[in-house]
Amino acid sequence: MKLLILGGTEFVGRAVAETALARGHEVTVFHRGRHEPPKGVRALLGDRTAEDGLAALADGRWDVVVDTWSGAPSAVRDAARLLAEGRAARYVYVSSRSVYEHPVPVGADEGAELVDGSPDAEGEVAYAQAKRGGELAAVREFGPDRSLLVRAGLILGPYENIGRLPWWLGRMARGGEVLAPGPRDLPVQFIDVRDLAEWIVSAADFGLCGPYNLVCPPDHTTMGELLEACARVTGGGAELRWTDPEPILAAGVEPWSDLPVWIPPGELHGTMHGSNVWKAVLSGLRCRPVAETAADTWAWLRSIGGEAPQRPDRPRVGLDPETERKLLHG
């Protein structure tokens, strides 16, 4: 199989490229040249937001295009339109569960209500509307039978450039008392980037189409298992102090951003960590243990000096030490 990855040098795109290469597929990545591409790929340079930015894609044919774009939908539209007629057989767009209208009922599947979006939107577009517009662009240009919409949830693992799991690992590595937001048995839905990549490559190979929710099943792991795995793999010097949500929220701490991954019980938790993923599971999704994700991400962080890359369009996450100290010691 010949794959063209629009991106392919960071996080999800890189994981897809490495997975495809490991399976013996021929991989081309189209990127801006800001990061070194994986070894073994053919690299094409271009900036899809610039005039004539797709010139490097003027020639060539591929079986599958994988697009991870999260900006203005018009960039998806233009790339898909260029490749739709005789240039590529299928288009895989890595979307997001954010395309569902909030609040999403617990247990909702791919048929849940969607936000509005336009495939022609340009400029600054809110994330949910951008991803929905990207979906509409892919389907309009390639048709419903040649397009696959990968609605990923929380993505963790090696190469993460958002900072969520790296922040927890770094905090555990510093040791001492660590504020652990409860309850300990709170379900957490995420997907290891490598499991996501494995599913994408297999789904493309099998010719799947339409929308799929891509996160682990709701009973896969908990906040306790995640944080205890982080403490364990970083040396065991951290002492978790489980704390109820009420005092954390009363202190002005923001779930998800100040304490990455964590959302207290309630409507928003159901939206983020209560997704129905049986369609993906029945099509072959397999999710590795959370301990493996933590261990491998820590090994990757150490291999690059301990500091994770940071996407410039995303704010840094994590709780400041003084707020943590006050919550732990009153």
# chains A, B, ... in the order shown; residues from 1 in each chain; ligands from 1
>>> select_by_dssp(residues="region 99-162 of chain A", states="strand (DSSP E or B)", output="number ranges by chain")
A: 100, 114, 147-152, 155-156
>>> closest_atom_pairs(of="region 151-233 of chain A", to="region 7-11 of chain A", cutoff="10 Å", atoms="only C-alpha atoms", output="Markdown table")
| residue | atom | partner | partner_atom | distance |
| --- | --- | --- | --- | --- |
| A:Ile155 | CA | A:Phe11 | CA | 9.3 |
| A:Leu156 | CA | A:Phe11 | CA | 9.2 |
| A:Gly157 | CA | A:Phe11 | CA | 8.5 |
| A:Pro158 | CA | A:Phe11 | CA | 7.4 |
| A:Tyr159 | CA | A:Phe11 | CA | 4.8 |
| A:Glu160 | CA | A:Phe11 | CA | 5.4 |
| A:Asn161 | CA | A:Phe11 | CA | 6.6 |
| A:Ile162 | CA | A:Phe11 | CA | 9.3 |
| A:Val193 | CA | A:Phe11 | CA | 7.4 |
| A:Arg194 | CA | A:Phe11 | CA | 9.5 |
>>> write_last_selection(atoms="N, CA and C atoms", output="compact mmCIF listing (two decimals), in the first residue's frame")
# COMPACT_ATOMS: atom_id res chain seq x y z
N ILE A 155 -5.56 11.67 23.19
CA ILE A 155 -4.46 10.89 22.65
C ILE A 155 -3.23 11.09 23.53
N LEU A 156 -2.65 10.00 24.00
CA LEU A 156 -1.45 10.05 24.83
C LEU A 156 -0.39 9.13 24.23
N GLY A 157 0.83 9.22 24.75
CA GLY A 157 1.89 8.31 24.32
C GLY A 157 3.13 9.04 23.84
N PRO A 158 4.12 8.28 23.38
CA PRO A 158 5.36 8.88 22.87
C PRO A 158 5.08 9.89 21.76
N TYR A 159 5.91 10.92 21.71
CA TYR A 159 5.84 12.03 20.75
C TYR A 159 4.77 13.06 21.11
N GLU A 160 4.12 12.92 22.26
CA GLU A 160 3.06 13.87 22.57
C GLU A 160 3.60 15.30 22.63
N ASN A 161 2.93 16.20 21.92
CA ASN A 161 3.37 17.59 21.89
C ASN A 161 2.31 18.55 22.45
N ILE A 162 1.41 17.99 23.26
CA ILE A 162 0.44 18.81 23.97
C ILE A 162 0.88 19.01 25.41
N VAL A 193 -1.24 6.69 21.16
CA VAL A 193 -1.07 7.12 19.78
C VAL A 193 -0.67 5.97 18.87
N ARG A 194 0.06 4.99 19.41
CA ARG A 194 0.46 3.84 18.59
C ARG A 194 -0.71 2.92 18.30
>>> closest_atom_pairs(of="region 149-268 of chain A", to="region 91-102 of chain A", cutoff="10 Å", atoms="only C-alpha atoms", output="JSON lines")
{"residue": "A:Leu149", "atom": "CA", "partner": "A:Tyr93", "partner_atom": "CA", "distance": 5.1}
{"residue": "A:Val150", "atom": "CA", "partner": "A:Val94", "partner_atom": "CA", "distance": 4.7}
{"residue": "A:Arg151", "atom": "CA", "partner": "A:Ser96", "partner_atom": "CA", "distance": 4.1}
{"residue": "A:Ala152", "atom": "CA", "partner": "A:Ser96", "partner_atom": "CA", "distance": 4.7}
{"residue": "A:Gly153", "atom": "CA", "partner": "A:Arg97", "partner_atom": "CA", "distance": 5.5}
{"residue": "A:Leu154", "atom": "CA", "partner": "A:Arg97", "partner_atom": "CA", "distance": 8.8}
{"residue": "A:Leu196", "atom": "CA", "partner": "A:Val94", "partner_atom": "CA", "distance": 10.0}
{"residue": "A:Ile200", "atom": "CA", "partner": "A:Val92", "partner_atom": "CA", "distance": 8.0}
{"residue": "A:Val201", "atom": "CA", "partner": "A:Val92", "partner_atom": "CA", "distance": 9.6}
{"residue": "A:Ala203", "atom": "CA", "partner": "A:Val92", "partner_atom": "CA", "distance": 9.2}
{"residue": "A:Ala204", "atom": "CA", "partner": "A:Val92", "partner_atom": "CA", "distance": 7.4}
{"residue": "A:Leu208", "atom": "CA", "partner": "A:Val92", "partner_atom": "CA", "distance": 9.5}
{"residue": "A:Cys209", "atom": "CA", "partner": "A:Val92", "partner_atom": "CA", "distance": 8.5}
{"residue": "A:Gly210", "atom": "CA", "partner": "A:Val92", "partner_atom": "CA", "distance": 9.5}
{"residue": "A:Pro211", "atom": "CA", "partner": "A:Ser95", "partner_atom": "CA", "distance": 9.1}
{"residue": "A:Tyr212", "atom": "CA", "partner": "A:Arg97", "partner_atom": "CA", "distance": 9.3}
{"residue": "A:Asn213", "atom": "CA", "partner": "A:Arg97", "partner_atom": "CA", "distance": 6.9}
{"residue": "A:Leu214", "atom": "CA", "partner": "A:Arg97", "partner_atom": "CA", "distance": 8.3}
{"residue": "A:Val215", "atom": "CA", "partner": "A:Arg97", "partner_atom": "CA", "distance": 9.3}
{"residue": "A:Glu267", "atom": "CA", "partner": "A:His102", "partner_atom": "CA", "distance": 9.3}
{"residue": "A:Leu268", "atom": "CA", "partner": "A:His102", "partner_atom": "CA", "distance": 8.5}
>>> write_last_selection(atoms="all heavy atoms", output="short mmCIF file (atom, residue, chain, number, x, y, z; two decimals), in the first residue's frame")
data_model
loop_
_atom_site.label_atom_id
_atom_site.label_comp_id
_atom_site.auth_asym_id
_atom_site.auth_seq_id
_atom_site.Cartn_x
_atom_site.Cartn_y
_atom_site.Cartn_z
N LEU A 149 -13.44 8.88 8.59
CA LEU A 149 -13.36 9.95 9.57
C LEU A 149 -13.00 9.35 10.93
O LEU A 149 -13.80 8.62 11.52
CB LEU A 149 -14.69 10.70 9.66
CG LEU A 149 -15.27 11.18 8.32
CD1 LEU A 149 -16.62 11.86 8.54
CD2 LEU A 149 -14.29 12.11 7.59
N VAL A 150 -11.80 9.65 11.40
CA VAL A 150 -11.28 9.07 12.64
C VAL A 150 -11.50 10.07 13.77
O VAL A 150 -10.74 11.02 13.93
CB VAL A 150 -9.78 8.74 12.50
CG1 VAL A 150 -9.26 8.06 13.76
CG2 VAL A 150 -9.55 7.84 11.29
N ARG A 151 -12.57 9.87 14.55
CA ARG A 151 -12.91 10.80 15.62
C ARG A 151 -12.21 10.38 16.91
O ARG A 151 -12.76 9.69 17.76
CB ARG A 151 -14.43 10.86 15.80
CG ARG A 151 -15.12 11.52 14.62
CD ARG A 151 -16.62 11.48 14.70
NE ARG A 151 -17.21 12.15 13.54
CZ ARG A 151 -18.50 12.03 13.18
NH1 ARG A 151 -19.32 11.25 13.88
NH2 ARG A 151 -18.94 12.68 12.12
N ALA A 152 -10.97 10.81 17.01
CA ALA A 152 -10.14 10.43 18.15
C ALA A 152 -10.52 11.24 19.39
O ALA A 152 -10.92 12.40 19.30
CB ALA A 152 -8.67 10.65 17.82
N GLY A 153 -10.37 10.60 20.54
CA GLY A 153 -10.54 11.29 21.81
C GLY A 153 -9.19 11.74 22.32
O GLY A 153 -8.31 12.14 21.55
N LEU A 154 -8.99 11.67 23.62
CA LEU A 154 -7.73 12.05 24.25
C LEU A 154 -6.63 11.11 23.77
O LEU A 154 -6.73 9.89 23.91
CB LEU A 154 -7.88 11.95 25.77
CG LEU A 154 -6.62 12.11 26.61
CD1 LEU A 154 -6.01 13.50 26.41
CD2 LEU A 154 -6.94 11.85 28.08
N LEU A 196 -3.79 4.02 18.06
CA LEU A 196 -4.52 4.79 17.06
C LEU A 196 -3.91 4.59 15.69
O LEU A 196 -4.63 4.37 14.69
CB LEU A 196 -4.50 6.27 17.45
CG LEU A 196 -5.13 7.26 16.47
CD1 LEU A 196 -6.61 6.98 16.29
CD2 LEU A 196 -4.91 8.70 16.95
N ILE A 200 -5.59 2.99 12.31
CA ILE A 200 -5.72 3.78 11.08
C ILE A 200 -5.14 3.03 9.89
O ILE A 200 -5.77 2.95 8.82
CB ILE A 200 -5.04 5.15 11.26
CG1 ILE A 200 -5.87 6.05 12.18
CG2 ILE A 200 -4.83 5.83 9.90
CD1 ILE A 200 -5.19 7.36 12.53
N VAL A 201 -3.95 2.48 10.05
CA VAL A 201 -3.31 1.78 8.93
C VAL A 201 -4.12 0.54 8.54
O VAL A 201 -4.33 0.26 7.35
CB VAL A 201 -1.86 1.41 9.28
CG1 VAL A 201 -1.23 0.56 8.17
CG2 VAL A 201 -1.03 2.68 9.50
N ALA A 203 -7.38 0.03 9.11
CA ALA A 203 -8.65 0.46 8.55
C ALA A 203 -8.50 0.94 7.11
O ALA A 203 -9.35 0.67 6.24
CB ALA A 203 -9.24 1.58 9.41
N ALA A 204 -7.40 1.64 6.83
CA ALA A 204 -7.15 2.08 5.47
C ALA A 204 -6.92 0.90 4.55
O ALA A 204 -7.40 0.86 3.41
CB ALA A 204 -5.93 3.00 5.45
N LEU A 208 -12.15 0.65 5.18
CA LEU A 208 -13.26 1.15 6.00
C LEU A 208 -13.59 2.58 5.61
O LEU A 208 -12.73 3.34 5.17
CB LEU A 208 -12.89 1.09 7.48
CG LEU A 208 -12.63 -0.30 8.08
CD1 LEU A 208 -12.43 -0.19 9.59
CD2 LEU A 208 -13.76 -1.27 7.77
N CYS A 209 -14.84 2.96 5.81
CA CYS A 209 -15.28 4.32 5.51
C CYS A 209 -16.27 4.78 6.57
O CYS A 209 -16.73 3.99 7.39
CB CYS A 209 -15.90 4.40 4.12
SG CYS A 209 -17.34 3.33 3.90
N GLY A 210 -16.56 6.08 6.56
CA GLY A 210 -17.49 6.62 7.52
C GLY A 210 -16.82 7.01 8.83
O GLY A 210 -15.61 6.92 8.98
N PRO A 211 -17.61 7.44 9.84
CA PRO A 211 -17.05 7.91 11.10
C PRO A 211 -16.83 6.79 12.11
O PRO A 211 -17.63 5.84 12.20
CB PRO A 211 -18.11 8.89 11.61
CG PRO A 211 -19.39 8.32 11.08
CD PRO A 211 -19.07 7.70 9.75
N TYR A 212 -15.74 6.91 12.89
CA TYR A 212 -15.44 5.97 13.97
C TYR A 212 -14.93 6.75 15.18
O TYR A 212 -14.03 7.58 15.04
CB TYR A 212 -14.36 4.97 13.54
CG TYR A 212 -14.82 3.87 12.63
CD1 TYR A 212 -15.00 4.11 11.27
CD2 TYR A 212 -15.07 2.58 13.11
CE1 TYR A 212 -15.42 3.10 10.41
CE2 TYR A 212 -15.48 1.56 12.26
CZ TYR A 212 -15.66 1.83 10.92
OH TYR A 212 -16.07 0.82 10.07
N ASN A 213 -15.49 6.46 16.36
CA ASN A 213 -14.93 6.98 17.60
C ASN A 213 -13.70 6.17 17.97
O ASN A 213 -13.76 4.93 18.00
CB ASN A 213 -15.95 6.89 18.74
CG ASN A 213 -17.11 7.85 18.56
OD1 ASN A 213 -16.98 8.88 17.91
ND2 ASN A 213 -18.25 7.52 19.15
N LEU A 214 -12.60 6.84 18.28
CA LEU A 214 -11.34 6.14 18.57
C LEU A 214 -10.78 6.55 19.93
O LEU A 214 -10.02 7.52 20.05
CB LEU A 214 -10.31 6.40 17.46
CG LEU A 214 -10.16 5.33 16.38
CD1 LEU A 214 -9.61 4.03 16.95
CD2 LEU A 214 -11.46 5.10 15.64
N VAL A 215 -11.19 5.84 20.96
CA VAL A 215 -10.58 5.89 22.29
C VAL A 215 -10.75 4.50 22.89
O VAL A 215 -11.45 3.66 22.33
CB VAL A 215 -11.23 6.95 23.22
CG1 VAL A 215 -10.70 8.33 22.96
CG2 VAL A 215 -12.74 6.92 23.14
N GLU A 267 -21.40 16.14 34.09
CA GLU A 267 -21.79 16.16 32.68
C GLU A 267 -20.58 16.17 31.75
O GLU A 267 -20.53 15.42 30.77
CB GLU A 267 -22.66 17.37 32.41
CG GLU A 267 -23.25 17.43 31.01
CD GLU A 267 -24.17 18.63 30.86
OE1 GLU A 267 -23.67 19.76 30.70
OE2 GLU A 267 -25.40 18.42 30.94
N LEU A 268 -19.58 17.02 32.05
CA LEU A 268 -18.42 17.11 31.18
C LEU A 268 -17.60 15.83 31.21
O LEU A 268 -17.05 15.41 30.18
CB LEU A 268 -17.54 18.30 31.58
CG LEU A 268 -16.34 18.58 30.66
CD1 LEU A 268 -16.80 18.78 29.22
CD2 LEU A 268 -15.56 19.80 31.15
#
>>> residues_around(residues="region 131-137 of chain A", least_positions_apart="3", cutoff="6 Å", atoms="only C-alpha atoms", output="ChimeraX atom specification")
/A:73,76-77,95,99,117-119,128,140
>>> write_last_selection(atoms="N, CA and C atoms", output="CSV table (one decimal), in the first residue's frame")
chain,number,residue,atom,x,y,z
A,73,PRO,N,-10.7,24.5,7.7
A,73,PRO,CA,-11.1,23.4,6.8
A,73,PRO,C,-10.8,23.6,5.4
A,76,VAL,N,-8.0,21.4,4.2
A,76,VAL,CA,-8.4,20.0,3.9
A,76,VAL,C,-9.1,20.0,2.5
A,77,ARG,N,-10.0,20.9,2.3
A,77,ARG,CA,-10.7,21.0,1.0
A,77,ARG,C,-9.7,21.0,-0.2
A,95,SER,N,-10.0,13.3,12.7
A,95,SER,CA,-10.9,14.3,13.3
A,95,SER,C,-10.8,14.2,14.8
A,99,VAL,N,-16.3,17.1,17.6
A,99,VAL,CA,-17.3,17.4,16.6
A,99,VAL,C,-18.7,17.2,17.1
A,117,GLY,N,-20.4,23.0,10.8
A,117,GLY,CA,-19.1,23.3,10.2
A,117,GLY,C,-19.2,23.5,8.7
A,118,SER,N,-18.2,24.2,8.2
A,118,SER,CA,-18.2,24.4,6.7
A,118,SER,C,-16.9,24.0,6.1
A,119,PRO,N,-16.9,23.2,5.0
A,119,PRO,CA,-15.7,22.8,4.4
A,119,PRO,C,-14.9,23.9,3.7
A,128,ALA,N,-13.6,22.7,17.3
A,128,ALA,CA,-14.7,21.8,17.0
A,128,ALA,C,-15.2,22.0,15.6
A,140,ARG,N,-17.0,15.6,0.9
A,140,ARG,CA,-17.4,16.2,-0.3
A,140,ARG,C,-16.5,15.9,-1.5
>>> select_by_dssp(residues="region 8-111 of chain A", states="helix (DSSP H, G or I)", output="JSON, numbers by chain")
{"A": [11, 12, 13, 14, 15, 16, 17, 18, 19, 20, 21, 22, 55, 56, 57, 73, 74, 75, 76, 77, 78, 79, 80, 81, 82, 83, 84, 97, 98, 99]}
>>> write_last_selection(atoms="C-alpha atoms", output="PDB file, in the first residue's frame")
ATOM      1  CA  PHE A  11       2.771  12.926  17.223  1.00  0.00           C
ATOM      2  CA  VAL A  12      -0.146  11.236  15.370  1.00  0.00           C
ATOM      3  CA  GLY A  13       1.239  11.667  11.868  1.00  0.00           C
ATOM      4  CA  ARG A  14       4.637  10.364  12.904  1.00  0.00           C
ATOM      5  CA  ALA A  15       3.120   7.343  14.646  1.00  0.00           C
ATOM      6  CA  VAL A  16       1.102   6.523  11.512  1.00  0.00           C
ATOM      7  CA  ALA A  17       4.209   6.829   9.343  1.00  0.00           C
ATOM      8  CA  GLU A  18       6.267   4.555  11.587  1.00  0.00           C
ATOM      9  CA  THR A  19       3.467   1.985  11.826  1.00  0.00           C
ATOM     10  CA  ALA A  20       3.025   1.892   8.055  1.00  0.00           C
ATOM     11  CA  LEU A  21       6.766   1.572   7.477  1.00  0.00           C
ATOM     12  CA  ALA A  22       6.986  -1.275  10.001  1.00  0.00           C
ATOM     13  CA  ALA A  55       2.926  22.362  -5.560  1.00  0.00           C
ATOM     14  CA  ALA A  56       5.000  19.417  -4.304  1.00  0.00           C
ATOM     15  CA  LEU A  57       1.875  17.244  -4.631  1.00  0.00           C
ATOM     16  CA  PRO A  73     -11.130  23.383   6.831  1.00  0.00           C
ATOM     17  CA  SER A  74     -10.301  25.043   3.506  1.00  0.00           C
ATOM     18  CA  ALA A  75      -6.821  23.474   3.744  1.00  0.00           C
ATOM     19  CA  VAL A  76      -8.404  20.007   3.855  1.00  0.00           C
ATOM     20  CA  ARG A  77     -10.696  20.972   0.994  1.00  0.00           C
ATOM     21  CA  ASP A  78      -7.845  22.114  -1.235  1.00  0.00           C
ATOM     22  CA  ALA A  79      -5.657  19.070  -0.604  1.00  0.00           C
ATOM     23  CA  ALA A  80      -8.536  16.622  -1.015  1.00  0.00           C
ATOM     24  CA  ARG A  81      -9.703  18.309  -4.202  1.00  0.00           C
ATOM     25  CA  LEU A  82      -6.214  18.123  -5.687  1.00  0.00           C
ATOM     26  CA  LEU A  83      -5.913  14.412  -4.931  1.00  0.00           C
ATOM     27  CA  ALA A  84      -9.476  13.173  -5.440  1.00  0.00           C
ATOM     28  CA  ARG A  97     -14.763  13.639  19.245  1.00  0.00           C
ATOM     29  CA  SER A  98     -15.049  17.398  19.702  1.00  0.00           C
ATOM     30  CA  VAL A  99     -17.269  17.428  16.605  1.00  0.00           C
TER      31      VAL A  99
END
>>> closest_residue(among="A:Leu169, A:Ala250, A:Val277, A:Leu54", to="Ala229 (chain A)", atoms="only C-alpha atoms")
A:Leu169
>>> closest_residue(among="A:His35, A:Arg171, A:Arg288, A:Arg146", to="Ala88 (chain A)", atoms="only C-alpha atoms")
A:Arg146
>>> closest_residue(among="A:Asp116, A:Glu198, A:Asp320, A:Glu51", to="Gly252 (chain A)", atoms="only C-alpha atoms")
A:Asp320
>>> closest_residue(among="A:Cys287, A:Pro166, A:Asp52, A:Arg302", to="Gly318 (chain A)", atoms="only C-alpha atoms")
A:Pro166
>>> atom_distance(atom1="CA of Val290 (chain A)", atom2="CA of Asn276 (chain A)")
19.0 Å
>>> closest_residue(among="A:Val188, A:Ala50, A:Ala89, A:Leu226", to="Ser275 (chain A)", atoms="only C-alpha atoms")
A:Val188
>>> residues_around(residues="Cys216 (chain A)", least_positions_apart="5", cutoff="6 Å", atoms="only C-alpha atoms", output="list in words")
Gln189, Phe190 and Ile191 of chain A
>>> closest_residue(among="A:Pro264, A:Pro103, A:Gly237, A:Pro144", to="Gly182 (chain A)", atoms="only C-alpha atoms")
A:Pro264
